[in-house]
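K.L.:
Following this line is protein_19.cif, made up of mmCIF, C-alpha atoms:
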```
data_entry
loop_
_atom_site.group_PDB
_atom_site.id
_atom_site.type_symbol
_atom_site.label_atom_id
_atom_site.label_comp_id
_atom_site.auth_asym_id
_atom_site.auth_seq_id
_atom_site.Cartn_x
_atom_site.Cartn_y
_atom_site.Cartn_z
ATOM 1 C CA MET A 1 0.000 0.000 0.000
ATOM 2 C CA VAL A 2 2.916 2.325 0.750
ATOM 3 C CA THR A 3 4.258 1.908 -2.768
ATOM 4 C CA LYS A 4 0.794 2.375 -4.238
ATOM 5 C CA ASP A 5 0.255 5.495 -2.098
ATOM 6 C CA GLY A 6 3.620 6.756 -3.264
ATOM 7 C CA GLN A 7 2.611 6.292 -6.894
ATOM 8 C CA LEU A 8 -0.694 8.018 -6.248
ATOM 9 C CA ILE A 9 0.947 11.013 -4.608
ATOM 10 C CA GLU A 10 3.355 11.241 -7.501
ATOM 11 C CA LYS A 11 0.416 11.222 -9.907
ATOM 12 C CA ILE A 12 -1.360 13.964 -7.910
ATOM 13 C CA ARG A 13 1.819 16.021 -7.912
ATOM 14 C CA GLN A 14 2.397 15.522 -11.646
ATOM 15 C CA LEU A 15 -1.134 16.611 -12.531
ATOM 16 C CA ALA A 16 -1.109 19.785 -10.431
ATOM 17 C CA PRO A 17 0.747 22.230 -12.714
ATOM 18 C CA THR A 18 -1.414 21.604 -15.775
ATOM 19 C CA ASP A 19 -4.597 20.233 -14.312
ATOM 20 C CA SER A 20 -5.468 21.646 -10.930
ATOM 21 C CA LEU A 21 -8.966 20.189 -10.906
ATOM 22 C CA GLY A 22 -7.848 16.678 -11.826
ATOM 23 C CA SER A 23 -5.200 16.823 -9.125
ATOM 24 C CA ARG A 24 -7.656 18.054 -6.514
ATOM 25 C CA LEU A 25 -10.275 15.442 -7.420
ATOM 26 C CA LEU A 26 -7.713 12.675 -7.190
ATOM 27 C CA THR A 27 -6.731 13.998 -3.758
ATOM 28 C CA ALA A 28 -10.420 14.098 -2.828
ATOM 29 C CA SER A 29 -10.861 10.473 -3.889
ATOM 30 C CA TYR A 30 -7.864 9.517 -1.776
ATOM 31 C CA VAL A 31 -9.256 11.371 1.248
ATOM 32 C CA THR A 32 -12.663 9.771 0.677
ATOM 33 C CA SER A 33 -11.098 6.314 0.546
ATOM 34 C CA LEU A 34 -9.112 6.870 3.739
ATOM 35 C CA MET A 35 -12.140 8.154 5.597
ATOM 36 C CA LYS A 36 -14.607 5.644 4.281
ATOM 37 C CA ALA A 37 -12.353 2.833 5.459
ATOM 38 C CA GLU A 38 -12.774 4.262 8.970
ATOM 39 C CA GLY A 39 -16.532 4.798 8.748
ATOM 40 C CA PHE A 40 -16.598 8.451 7.744
ATOM 41 C CA PHE A 41 -18.351 9.899 4.739
ATOM 42 C CA PRO A 42 -16.817 13.125 3.534
ATOM 43 C CA ALA A 43 -18.301 15.428 0.923
ATOM 44 C CA ILE A 44 -16.530 18.133 -0.967
ATOM 45 C CA VAL A 45 -17.944 21.649 -0.759
ATOM 46 C CA GLY A 46 -16.742 25.107 -1.798
ATOM 47 C CA GLY A 47 -14.575 26.022 -4.765
ATOM 48 C CA THR A 48 -13.551 22.504 -5.730
ATOM 49 C CA ALA A 49 -17.209 21.442 -5.883
ATOM 50 C CA VAL A 50 -18.054 24.474 -8.038
ATOM 51 C CA ASP A 51 -15.151 23.817 -10.388
ATOM 52 C CA THR A 52 -16.199 20.199 -10.755
ATOM 53 C CA TYR A 53 -19.810 20.990 -11.565
ATOM 54 C CA VAL A 54 -19.011 23.736 -14.026
ATOM 55 C CA SER A 55 -16.080 22.006 -15.679
ATOM 56 C CA SER A 56 -15.909 18.335 -14.867
ATOM 57 C CA GLY A 57 -13.221 17.911 -17.395
ATOM 58 C CA PHE A 58 -9.679 17.141 -16.545
ATOM 59 C CA GLY A 59 -6.481 16.416 -18.292
ATOM 60 C CA THR A 60 -6.349 19.970 -19.527
ATOM 61 C CA SER A 61 -7.211 23.475 -18.484
ATOM 62 C CA GLU A 62 -9.385 23.983 -21.557
ATOM 63 C CA THR A 63 -12.436 22.782 -19.663
ATOM 64 C CA LEU A 64 -12.762 26.026 -17.765
ATOM 65 C CA PRO A 65 -12.941 29.385 -19.488
ATOM 66 C CA ALA A 66 -9.654 31.201 -19.590
ATOM 67 C CA GLU A 67 -10.936 33.892 -17.227
ATOM 68 C CA TRP A 68 -12.135 31.387 -14.690
ATOM 69 C CA ASN A 69 -8.887 30.186 -13.141
ATOM 70 C CA GLU A 70 -7.532 33.648 -12.935
ATOM 71 C CA TYR A 71 -9.880 34.738 -10.186
ATOM 72 C CA LEU A 72 -10.359 31.632 -8.141
ATOM 73 C CA ALA A 73 -8.736 30.649 -4.913
ATOM 74 C CA ILE A 74 -9.320 26.965 -5.290
ATOM 75 C CA ASP A 75 -6.423 25.395 -3.540
ATOM 76 C CA THR A 76 -8.429 24.004 -0.703
ATOM 77 C CA ILE A 77 -10.510 20.896 -0.555
ATOM 78 C CA ALA A 78 -13.198 21.377 2.007
ATOM 79 C CA VAL A 79 -14.648 18.233 3.433
ATOM 80 C CA HIS A 80 -17.753 17.815 5.505
ATOM 81 C CA VAL A 81 -17.707 14.667 7.521
ATOM 82 C CA SER A 82 -20.514 12.775 9.195
ATOM 83 C CA PRO A 83 -18.866 10.563 11.745
ATOM 84 C CA LYS A 84 -20.739 8.323 14.126
ATOM 85 C CA GLU A 85 -17.818 8.484 16.469
ATOM 86 C CA GLY A 86 -14.166 9.372 16.477
ATOM 87 C CA ASN A 87 -12.365 12.193 14.793
ATOM 88 C CA PRO A 88 -11.881 12.353 11.020
ATOM 89 C CA ARG A 89 -8.801 14.459 11.556
ATOM 90 C CA ASN A 90 -7.118 11.509 13.243
ATOM 91 C CA VAL A 91 -7.794 9.381 10.172
ATOM 92 C CA LEU A 92 -5.944 11.798 7.929
ATOM 93 C CA GLU A 93 -3.150 12.341 10.424
ATOM 94 C CA ALA A 94 -2.633 8.589 10.629
ATOM 95 C CA ALA A 95 -2.165 8.620 6.848
ATOM 96 C CA GLY A 96 0.548 11.263 7.117
ATOM 97 C CA PHE A 97 -1.443 14.483 6.750
ATOM 98 C CA ALA A 98 -0.227 17.173 9.118
ATOM 99 C CA SER A 99 -1.013 20.734 10.033
ATOM 100 C CA SER A 100 1.614 23.383 10.448
ATOM 101 C CA ARG A 101 -0.354 24.842 13.349
ATOM 102 C CA PRO A 102 -0.687 22.897 16.601
ATOM 103 C CA GLU A 103 -4.226 24.168 17.183
ATOM 104 C CA GLY A 104 -5.497 22.793 13.891
ATOM 105 C CA GLY A 105 -6.076 24.255 10.456
ATOM 106 C CA SER A 106 -5.475 22.892 7.003
ATOM 107 C CA LEU A 107 -3.963 19.447 6.697
ATOM 108 C CA ARG A 108 -1.208 18.837 4.180
ATOM 109 C CA LEU A 109 0.348 15.659 2.907
ATOM 110 C CA GLU A 110 3.922 15.889 1.767
ATOM 111 C CA GLY A 111 4.044 15.913 -2.004
ATOM 112 C CA VAL A 112 0.369 16.851 -2.381
ATOM 113 C CA PRO A 113 0.036 20.497 -3.365
ATOM 114 C CA TYR A 114 -3.509 21.025 -2.056
ATOM 115 C CA PRO A 115 -4.356 21.304 1.614
ATOM 116 C CA VAL A 116 -7.419 19.575 3.023
ATOM 117 C CA ASP A 117 -9.676 21.684 5.201
ATOM 118 C CA LEU A 118 -12.101 19.867 7.464
ATOM 119 C CA VAL A 119 -14.752 22.559 7.584
ATOM 120 C CA GLY A 120 -17.233 20.684 9.703
ATOM 121 C CA ASP A 121 -17.661 17.473 11.631
ATOM 122 C CA TRP A 122 -21.258 16.897 10.654
ATOM 123 C CA TYR A 123 -23.230 17.363 7.480
ATOM 124 C CA PRO A 124 -24.984 20.711 7.985
ATOM 125 C CA ASP A 125 -28.751 20.815 8.362
ATOM 126 C CA ASP A 126 -29.213 22.972 5.303
ATOM 127 C CA TYR A 127 -27.396 20.521 3.020
ATOM 128 C CA SER A 128 -29.186 17.504 1.645
ATOM 129 C CA GLN A 129 -27.552 14.102 1.892
ATOM 130 C CA ASP A 130 -29.972 12.907 -0.794
ATOM 131 C CA HIS A 131 -28.410 15.243 -3.326
ATOM 132 C CA ILE A 132 -24.787 14.211 -2.907
ATOM 133 C CA THR A 133 -23.059 13.459 -6.199
ATOM 134 C CA SER A 134 -20.317 10.909 -6.664
ATOM 135 C CA VAL A 135 -17.488 11.690 -9.039
ATOM 136 C CA HIS A 136 -15.995 8.768 -10.898
ATOM 137 C CA LEU A 137 -12.552 9.524 -12.243
ATOM 138 C CA GLU A 138 -10.679 7.103 -14.413
ATOM 139 C CA PRO A 139 -7.311 7.688 -12.719
ATOM 140 C CA ALA A 140 -8.908 7.258 -9.278
ATOM 141 C CA GLU A 141 -10.427 3.966 -10.372
ATOM 142 C CA GLU A 142 -7.043 2.829 -11.652
ATOM 143 C CA PHE A 143 -5.720 3.304 -8.116
ATOM 144 C CA GLY A 144 -8.731 1.483 -6.630
ATOM 145 C CA LEU A 145 -9.966 4.627 -4.879
ATOM 146 C CA GLU A 146 -13.527 5.445 -3.840
ATOM 147 C CA PRO A 147 -15.409 8.030 -5.906
ATOM 148 C CA ALA A 148 -15.134 11.510 -4.446
ATOM 149 C CA ARG A 149 -18.421 12.747 -2.978
ATOM 150 C CA LEU A 150 -19.606 16.268 -3.636
ATOM 151 C CA ALA A 151 -22.378 18.185 -1.923
ATOM 152 C CA GLY A 152 -25.237 18.363 -4.446
ATOM 153 C CA PRO A 153 -25.122 20.970 -7.226
ATOM 154 C CA GLU A 154 -28.293 22.445 -5.730
ATOM 155 C CA ASP A 155 -26.618 23.091 -2.364
ATOM 156 C CA ILE A 156 -23.462 24.442 -3.985
ATOM 157 C CA LEU A 157 -25.461 26.727 -6.282
ATOM 158 C CA PHE A 158 -27.447 27.906 -3.278
ATOM 159 C CA ASP A 159 -24.310 28.669 -1.220
ATOM 160 C CA TYR A 160 -22.821 30.868 -3.914
ATOM 161 C CA MET A 161 -26.129 32.478 -4.792
ATOM 162 C CA GLU A 162 -26.687 33.387 -1.148
ATOM 163 C CA SER A 163 -23.142 34.624 -0.689
ATOM 164 C CA GLY A 164 -23.318 36.656 -3.899
ATOM 165 C CA TRP A 165 -26.631 38.182 -2.904
ATOM 166 C CA ASP A 166 -25.709 38.948 0.697
ATOM 167 C CA THR A 167 -22.298 40.414 0.058
ATOM 168 C CA ARG A 168 -22.984 41.759 -3.447
ATOM 169 C CA HIS A 169 -20.129 39.602 -4.657
ATOM 170 C CA PRO A 170 -20.376 39.219 -8.452
ATOM 171 C CA ARG A 171 -17.744 36.516 -8.552
ATOM 172 C CA ASP A 172 -19.750 34.253 -6.264
ATOM 173 C CA TRP A 173 -22.884 35.133 -8.197
ATOM 174 C CA ALA A 174 -21.151 34.168 -11.455
ATOM 175 C CA ARG A 175 -20.282 30.793 -9.918
ATOM 176 C CA ALA A 176 -23.933 30.233 -9.038
ATOM 177 C CA LEU A 177 -24.894 31.235 -12.598
ATOM 178 C CA ALA A 178 -22.350 28.801 -14.008
ATOM 179 C CA VAL A 179 -23.589 25.868 -11.889
ATOM 180 C CA ALA A 180 -27.153 26.669 -13.018
ATOM 181 C CA ALA A 181 -26.075 26.949 -16.667
ATOM 182 C CA VAL A 182 -24.152 23.674 -16.717
ATOM 183 C CA MET A 183 -26.293 21.482 -14.455
ATOM 184 C CA GLY A 184 -29.568 23.097 -15.667
ATOM 185 C CA GLU A 185 -31.977 20.296 -16.457
ATOM 186 C CA HIS A 186 -30.551 18.045 -13.745
ATOM 187 C CA LEU A 187 -31.194 20.443 -10.878
ATOM 188 C CA ASP A 188 -33.904 19.497 -8.415
ATOM 189 C CA LEU A 189 -35.951 22.695 -8.591
ATOM 190 C CA GLY A 190 -38.462 21.512 -6.005
ATOM 191 C CA TYR A 191 -35.679 21.101 -3.476
ATOM 192 C CA LEU A 192 -34.082 24.428 -4.408
ATOM 193 C CA PHE A 193 -37.278 26.420 -3.998
ATOM 194 C CA SER A 194 -38.292 24.709 -0.777
ATOM 195 C CA LYS A 195 -34.853 25.546 0.599
ATOM 196 C CA ALA A 196 -35.213 29.149 -0.586
ATOM 197 C CA GLU A 197 -38.599 29.395 1.129
ATOM 198 C CA TRP A 198 -37.174 27.986 4.345
ATOM 199 C CA ARG A 199 -33.940 29.987 4.508
ATOM 200 C CA MET A 200 -34.085 33.627 5.603
ATOM 201 C CA GLU A 201 -37.894 33.606 5.642
ATOM 202 C CA GLY A 202 -38.193 33.299 1.913
ATOM 203 C CA SER A 203 -36.042 36.315 1.102
ATOM 204 C CA LEU A 204 -33.860 34.127 -1.137
ATOM 205 C CA VAL A 205 -36.646 33.086 -3.500
ATOM 206 C CA LYS A 206 -36.171 36.215 -5.617
ATOM 207 C CA PRO A 207 -32.387 35.813 -6.003
ATOM 208 C CA LEU A 208 -32.838 32.123 -6.769
ATOM 209 C CA GLU A 209 -35.241 32.997 -9.572
ATOM 210 C CA LYS A 210 -32.691 35.491 -10.903
ATOM 211 C CA VAL A 211 -29.950 32.861 -10.958
ATOM 212 C CA LEU A 212 -32.153 30.319 -12.689
ATOM 213 C CA ARG A 213 -33.093 32.929 -15.305
ATOM 214 C CA GLY A 214 -29.359 33.531 -15.851
ATOM 215 C CA GLU A 215 -29.505 37.161 -14.752
ATOM 216 C CA PRO A 216 -26.358 38.901 -13.526
ATOM 217 C CA LEU A 217 -25.952 40.650 -10.204
ATOM 218 C CA ARG A 218 -25.766 44.401 -10.490
ATOM 219 C CA VAL A 219 -23.664 46.010 -7.798
ATOM 220 C CA PRO A 220 -24.813 49.569 -7.153
ATOM 221 C CA GLU A 221 -22.229 52.248 -7.872
ATOM 222 C CA MET B 1 -43.386 51.294 28.725
ATOM 223 C CA PRO B 2 -43.180 47.507 28.271
ATOM 224 C CA SER B 3 -46.817 47.442 27.143
ATOM 225 C CA LEU B 4 -46.103 50.222 24.631
ATOM 226 C CA LEU B 5 -43.190 48.175 23.305
ATOM 227 C CA ARG B 6 -45.374 45.088 23.097
ATOM 228 C CA THR B 7 -47.981 47.051 21.137
ATOM 229 C CA LEU B 8 -45.393 48.493 18.754
ATOM 230 C CA LEU B 9 -43.844 45.079 18.293
ATOM 231 C CA LYS B 10 -47.228 43.561 17.535
ATOM 232 C CA GLU B 11 -48.021 46.309 15.026
ATOM 233 C CA ALA B 12 -44.682 45.695 13.316
ATOM 234 C CA GLY B 13 -45.590 42.044 12.772
ATOM 235 C CA GLY B 14 -44.125 40.437 15.885
ATOM 236 C CA PRO B 15 -40.571 39.978 17.150
ATOM 237 C CA GLN B 16 -39.581 37.648 14.328
ATOM 238 C CA ALA B 17 -40.575 40.155 11.632
ATOM 239 C CA VAL B 18 -38.744 42.968 13.412
ATOM 240 C CA TYR B 19 -35.662 40.840 13.842
ATOM 241 C CA SER B 20 -35.814 39.910 10.183
ATOM 242 C CA LYS B 21 -35.983 43.565 9.120
ATOM 243 C CA ILE B 22 -33.053 44.469 11.358
ATOM 244 C CA GLU B 23 -31.091 41.511 10.065
ATOM 245 C CA ARG B 24 -31.741 42.444 6.433
ATOM 246 C CA LYS B 25 -30.704 46.035 7.087
ATOM 247 C CA ARG B 26 -27.600 44.883 8.915
ATOM 248 C CA ARG B 27 -26.631 42.561 6.058
ATOM 249 C CA LYS B 28 -27.180 45.281 3.489
ATOM 250 C CA GLU B 29 -25.023 47.724 5.442
ATOM 251 C CA ALA B 30 -22.318 45.117 5.973
ATOM 252 C CA ALA B 31 -22.430 44.297 2.265
ATOM 253 C CA SER B 32 -22.012 47.913 1.180
ATOM 254 C CA VAL B 33 -19.075 48.356 3.567
ATOM 255 C CA GLN B 34 -17.499 45.231 2.138
ATOM 256 C CA VAL B 35 -18.067 46.333 -1.453
ATOM 257 C CA GLU B 36 -16.533 49.722 -0.713
ATOM 258 C CA ARG B 37 -13.501 48.100 0.909
ATOM 259 C CA LEU B 38 -13.007 45.785 -2.074
ATOM 260 C CA ARG B 39 -13.437 48.664 -4.522
ATOM 261 C CA ARG B 40 -10.733 50.628 -2.733
ATOM 262 C CA LYS B 41 -8.420 47.652 -3.080
ATOM 263 C CA GLY B 42 -9.339 47.284 -6.746
ATOM 264 C CA HIS B 43 -10.595 43.766 -6.061
ATOM 265 C CA ARG B 44 -11.565 42.123 -9.333
ATOM 266 C CA SER B 45 -14.498 40.272 -7.809
ATOM 267 C CA VAL B 46 -16.292 43.593 -7.434
ATOM 268 C CA LEU B 47 -15.215 44.800 -10.830
ATOM 269 C CA LEU B 48 -16.764 41.867 -12.671
ATOM 270 C CA ASP B 49 -19.497 43.540 -14.694
ATOM 271 C CA PRO B 50 -22.898 41.958 -15.400
ATOM 272 C CA ASP B 51 -22.007 40.965 -18.970
ATOM 273 C CA GLU B 52 -18.868 39.225 -17.757
ATOM 274 C CA GLN B 53 -20.840 37.229 -15.197
ATOM 275 C CA VAL B 54 -23.188 35.955 -17.874
ATOM 276 C CA SER B 55 -20.503 35.268 -20.467
ATOM 277 C CA LEU B 56 -18.454 33.336 -17.914
ATOM 278 C CA ALA B 57 -21.429 31.113 -17.095
ATOM 279 C CA GLU B 58 -22.199 30.632 -20.789
ATOM 280 C CA ALA B 59 -18.590 29.721 -21.519
ATOM 281 C CA CYS B 60 -18.735 27.081 -18.780
ATOM 282 C CA ALA B 61 -21.914 25.645 -20.274
ATOM 283 C CA GLU B 62 -20.325 25.520 -23.745
ATOM 284 C CA ASN B 63 -17.241 23.795 -22.376
ATOM 285 C CA ALA B 64 -19.338 21.227 -20.523
ATOM 286 C CA ALA B 65 -21.419 20.581 -23.650
ATOM 287 C CA MET B 66 -18.199 19.972 -25.575
ATOM 288 C CA LEU B 67 -17.065 17.464 -22.944
ATOM 289 C CA ILE B 68 -20.395 15.655 -23.104
ATOM 290 C CA ARG B 69 -20.264 15.516 -26.906
ATOM 291 C CA THR B 70 -16.773 14.080 -26.836
ATOM 292 C CA GLY B 71 -17.664 11.511 -24.194
ATOM 293 C CA ARG B 72 -15.455 12.957 -21.485
ATOM 294 C CA ARG B 73 -18.251 13.921 -19.167
ATOM 295 C CA SER B 74 -21.480 12.116 -18.364
ATOM 296 C CA TYR B 75 -24.004 12.527 -15.602
ATOM 297 C CA ASP B 76 -26.575 9.978 -14.526
ATOM 298 C CA PRO B 77 -29.347 11.835 -12.669
ATOM 299 C CA SER B 78 -30.840 8.637 -11.271
ATOM 300 C CA THR B 79 -27.671 7.761 -9.357
ATOM 301 C CA ARG B 80 -26.232 11.277 -9.253
ATOM 302 C CA ALA B 81 -22.990 9.919 -10.637
ATOM 303 C CA LEU B 82 -20.686 12.157 -12.614
ATOM 304 C CA ARG B 83 -18.219 10.203 -14.776
ATOM 305 C CA LEU B 84 -15.131 11.928 -16.050
ATOM 306 C CA LYS B 85 -12.574 10.716 -18.514
ATOM 307 C CA PRO B 86 -9.272 12.402 -19.087
ATOM 308 C CA ARG B 87 -8.454 14.106 -22.316
ATOM 309 C CA PRO B 88 -7.077 11.576 -24.766
ATOM 310 C CA ARG B 89 -3.396 11.832 -25.375
ATOM 311 C CA ALA B 90 -2.616 14.171 -28.206
ATOM 312 C CA ARG B 91 -1.856 12.163 -31.293
ATOM 313 C CA ASP B 92 1.586 12.553 -32.678
ATOM 314 C CA GLN B 93 1.530 15.525 -34.883
ATOM 315 C CA THR B 94 0.955 14.401 -38.433
ATOM 316 C CA LYS B 95 3.626 15.806 -40.559
ATOM 317 C CA ILE B 96 2.918 16.399 -44.184
ATOM 318 C CA ARG B 97 6.008 16.270 -46.202
ATOM 319 C CA LEU B 98 6.063 17.980 -49.482
ATOM 320 C CA GLU B 99 8.938 17.756 -51.732
ATOM 321 C CA ARG B 100 9.343 20.525 -54.166
ATOM 322 C CA SER B 101 12.295 21.228 -56.303
ATOM 323 C CA GLY B 102 14.390 18.915 -54.277
ATOM 324 C CA GLY B 103 13.793 20.930 -51.113
ATOM 325 C CA LEU B 104 11.859 19.667 -48.150
ATOM 326 C CA ILE B 105 8.922 21.698 -47.024
ATOM 327 C CA TRP B 106 6.581 20.516 -44.403
#
```
Could you take the file, read its structure, and then write that structure out as structure tokens?
P.N.:
Amino acid sequence: MVTKDGQLIEKIRQLAPTDSLGSRLLTASYVTSLMKAEGFFPAIVGGTAVDTYVSSGFGTSETLPAEWNEYLAIDTIAVHVSPKEGNPRNVLEAAGFASSRPEGGSLRLEGVPYPVDLVGDWYPDDYSQDHITSVHLEPAEEFGLEPARLAGPEDILFDYMESGWDTRHPRDWARALAVAAVMGEHLDLGYLFSKAEWRMEGSLVKPLEKVLRGEPLRVPE
Amino acid sequence: MPSLLRTLLKEAGGPQAVYSKIERKRRKEAASVQVERLRRKGHRSVLLDPDEQVSLAEACAENAAMLIRTGRRSYDPSTRALRLKPRPRARDQTKIRLERSGGLIW
């Protein structure tokens, strides 16, 4: 297993300069495999989930628009974990991941260019476990890894829509637009609108409609 | 005084409605402060104009459609499984050799 892990890390490292998403998804599959073996079920959220839904291509950078990479801080894999007991951090530390800060923070594995952030120890109430998506990567399968699990495109779209709306952040809004544009017909609209009705007393229904219509966010001068 | 407050609160739609209004106002104020701070720093996220937002999303959709057409991306909604294949290795560049007047042009 050590040799195989070594080969995997080398593959992750090789991919990174030309294919950040492929490298991150391979890391995510590795993390998923480590955790699943110990009874944890991680899901990827944040920028890596967005990139996967809007691109989903790897092996080249052509699968994201040229302007896309330029603005993104996507070097972190955020993982939500739903443990019955124990600490998912210990699982990663046992596999060689380490944090530079004694009090916690991002975990890094030597040779792997992307840090892993454990951003929660339970799947949040406003995320749906029924909408989780599994990502099957050929290189991950070659290494016998588990598919990476992503929070559903609906929840990811909602996060960025809400963030864009609340903070008037056009970049986040554009990410929500992109998830809607790419995943379009596959989105569970019933779930999205019931979530919008429930969150913030329905004040997010209007922005959700805007995103689904493909309308931009206009930041007042 | 407490009864006056209770009356005013009731007229305003109850504590939850008042809290919601305050919260919305607070968020809006916080957002404008944040936007102003980012503008001062020339942050590109704030400078992304509406057309750019839309064209970025459209470009993503076009890219994804290309991947689906070429069999590199597929999504099964019943299992919520996204399958990704790497880009095929670039074929060796085909060189066309033309010989003209004894010289080699390619």
K.L.:
Evaluate the PyMOL selection byres ((chain A and resi 155) around 9) here and jot the selected residues down as a ChimeraX atom specification.
P.N.:
/A:45,126-128,131,151-154,156-160,192
K.L.:
Quick one, how far is CA of Ser163 in chain A from CA of Ile44 in chain A?
P.N.:
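Value for the CA of Ser163 in chain A-CA of Ile44 in chain A distance: 17.8 Å.
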K.L.:
Can you work out the spacing between CA of Glu146 in chain A and CA of Leu34 in chain A in Å, to one decimal?
P.N.:
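It comes out at 8.9 Å.
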K.L.:
Show which residues sit within 9 Å of Pro50 in chain B, as a ChimeraX atom specification. Count all atoms listed in the file, and ignore same-chain residues fewer than 5 positions away.
P.N.:
/A:170,174,215-219 /B:55
K.L.:
From the set A:Phe97, A:Val135, A:Arg168, A:Glu201, which residue has the shortest atom-to-atom contact distance to Glu36 in chain B, counting only C-alpha atoms?
P.N.:
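Distance minimum relative to Glu36 in chain B lands on A:Arg168.
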K.L.:
Please evaluate the PyMOL selection byres ((chain A and resi 180-185) around 7) against the displayed coordinates and give the resulting residues as a PDB file with C-alpha atoms, in the frame of the given file.
P.N.:
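Result written to part_13.pdb:
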```
ATOM      1  CA  VAL A  54     -19.011  23.736 -14.026  1.00  0.00           C
ATOM      2  CA  LEU A 157     -25.461  26.727  -6.282  1.00  0.00           C
ATOM      3  CA  ALA A 176     -23.933  30.233  -9.038  1.00  0.00           C
ATOM      4  CA  LEU A 177     -24.894  31.235 -12.598  1.00  0.00           C
ATOM      5  CA  ALA A 178     -22.350  28.801 -14.008  1.00  0.00           C
ATOM      6  CA  VAL A 179     -23.589  25.868 -11.889  1.00  0.00           C
ATOM      7  CA  HIS A 186     -30.551  18.045 -13.745  1.00  0.00           C
ATOM      8  CA  LEU A 187     -31.194  20.443 -10.878  1.00  0.00           C
ATOM      9  CA  LEU A 212     -32.153  30.319 -12.689  1.00  0.00           C
TER      10      LEU A 212
ATOM     11  CA  ALA B  57     -21.429  31.113 -17.095  1.00  0.00           C
ATOM     12  CA  GLU B  58     -22.199  30.632 -20.789  1.00  0.00           C
ATOM     13  CA  CYS B  60     -18.735  27.081 -18.780  1.00  0.00           C
ATOM     14  CA  ALA B  61     -21.914  25.645 -20.274  1.00  0.00           C
ATOM     15  CA  ALA B  64     -19.338  21.227 -20.523  1.00  0.00           C
TER      16      ALA B  64
END
```
K.L.:
Do you have the CA of Thr79 in chain B-CA of Asp51 in chain A distance handy?
P.N.:
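About the pair CA of Thr79 in chain B and CA of Asp51 in chain A: they are 20.4 Å apart.
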K.L.:
Could you check the closest approach to Met66 in chain B for each of A:Ser55, A:Leu150, A:Glu141, A:Ser99 and tell me which residue wins, using all atoms listed in the file?
P.N.:
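Once distances to Met66 in chain B are computed over all atoms listed in the file, the minimum belongs to A:Ser55.
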K.L.:
Go through A:Leu137, A:Leu8, A:Ala94, A:Ala37 and flag the residue nearest chain B, using all atoms listed in the file for the distances.
P.N.:
A:Leu137
K.L.:
Check what the PyMOL selection byres ((chain A and resi 89) around 12) selects in the file above and give those residues as a PyMOL selection string.
P.N.:
chain A and resi 31+34-35+38+40+42+79-81+83+85-88+90-99+104-108+116-121
K.L.:
For each of A:Arg101, A:Lys11, A:His169, A:Arg213, take the minimum atom-to-atom distance to chain B, counting all atoms listed in the file, then give the residue where this is smallest.
P.N.:
A:His169
K.L.:
Hey, what's within 12 Å of Leu84 in chain B if we count all atoms listed in the file and toss same-chain stuff fewer than 5 positions away? As a PDB file with C-alpha atoms, keeping the file's coordinate frame, please?
P.N.:
```
ATOM      1  CA  LEU A  21      -8.966  20.189 -10.906  1.00  0.00           C
ATOM      2  CA  GLY A  22      -7.848  16.678 -11.826  1.00  0.00           C
ATOM      3  CA  LEU A  25     -10.275  15.442  -7.420  1.00  0.00           C
ATOM      4  CA  LEU A  26      -7.713  12.675  -7.190  1.00  0.00           C
ATOM      5  CA  THR A  52     -16.199  20.199 -10.755  1.00  0.00           C
ATOM      6  CA  TYR A  53     -19.810  20.990 -11.565  1.00  0.00           C
ATOM      7  CA  SER A  55     -16.080  22.006 -15.679  1.00  0.00           C
ATOM      8  CA  SER A  56     -15.909  18.335 -14.867  1.00  0.00           C
ATOM      9  CA  GLY A  57     -13.221  17.911 -17.395  1.00  0.00           C
ATOM     10  CA  PHE A  58      -9.679  17.141 -16.545  1.00  0.00           C
ATOM     11  CA  GLY A  59      -6.481  16.416 -18.292  1.00  0.00           C
ATOM     12  CA  THR A  63     -12.436  22.782 -19.663  1.00  0.00           C
ATOM     13  CA  SER A 134     -20.317  10.909  -6.664  1.00  0.00           C
ATOM     14  CA  VAL A 135     -17.488  11.690  -9.039  1.00  0.00           C
ATOM     15  CA  HIS A 136     -15.995   8.768 -10.898  1.00  0.00           C
ATOM     16  CA  LEU A 137     -12.552   9.524 -12.243  1.00  0.00           C
ATOM     17  CA  GLU A 138     -10.679   7.103 -14.413  1.00  0.00           C
ATOM     18  CA  PRO A 139      -7.311   7.688 -12.719  1.00  0.00           C
ATOM     19  CA  ALA A 140      -8.908   7.258  -9.278  1.00  0.00           C
ATOM     20  CA  GLU A 141     -10.427   3.966 -10.372  1.00  0.00           C
ATOM     21  CA  PRO A 147     -15.409   8.030  -5.906  1.00  0.00           C
ATOM     22  CA  ALA A 148     -15.134  11.510  -4.446  1.00  0.00           C
TER      23      ALA A 148
ATOM     24  CA  ALA B  64     -19.338  21.227 -20.523  1.00  0.00           C
ATOM     25  CA  LEU B  67     -17.065  17.464 -22.944  1.00  0.00           C
ATOM     26  CA  ILE B  68     -20.395  15.655 -23.104  1.00  0.00           C
ATOM     27  CA  THR B  70     -16.773  14.080 -26.836  1.00  0.00           C
ATOM     28  CA  GLY B  71     -17.664  11.511 -24.194  1.00  0.00           C
ATOM     29  CA  ARG B  72     -15.455  12.957 -21.485  1.00  0.00           C
ATOM     30  CA  ARG B  73     -18.251  13.921 -19.167  1.00  0.00           C
ATOM     31  CA  SER B  74     -21.480  12.116 -18.364  1.00  0.00           C
ATOM     32  CA  TYR B  75     -24.004  12.527 -15.602  1.00  0.00           C
ATOM     33  CA  ASP B  76     -26.575   9.978 -14.526  1.00  0.00           C
TER      34      ASP B  76
END
```
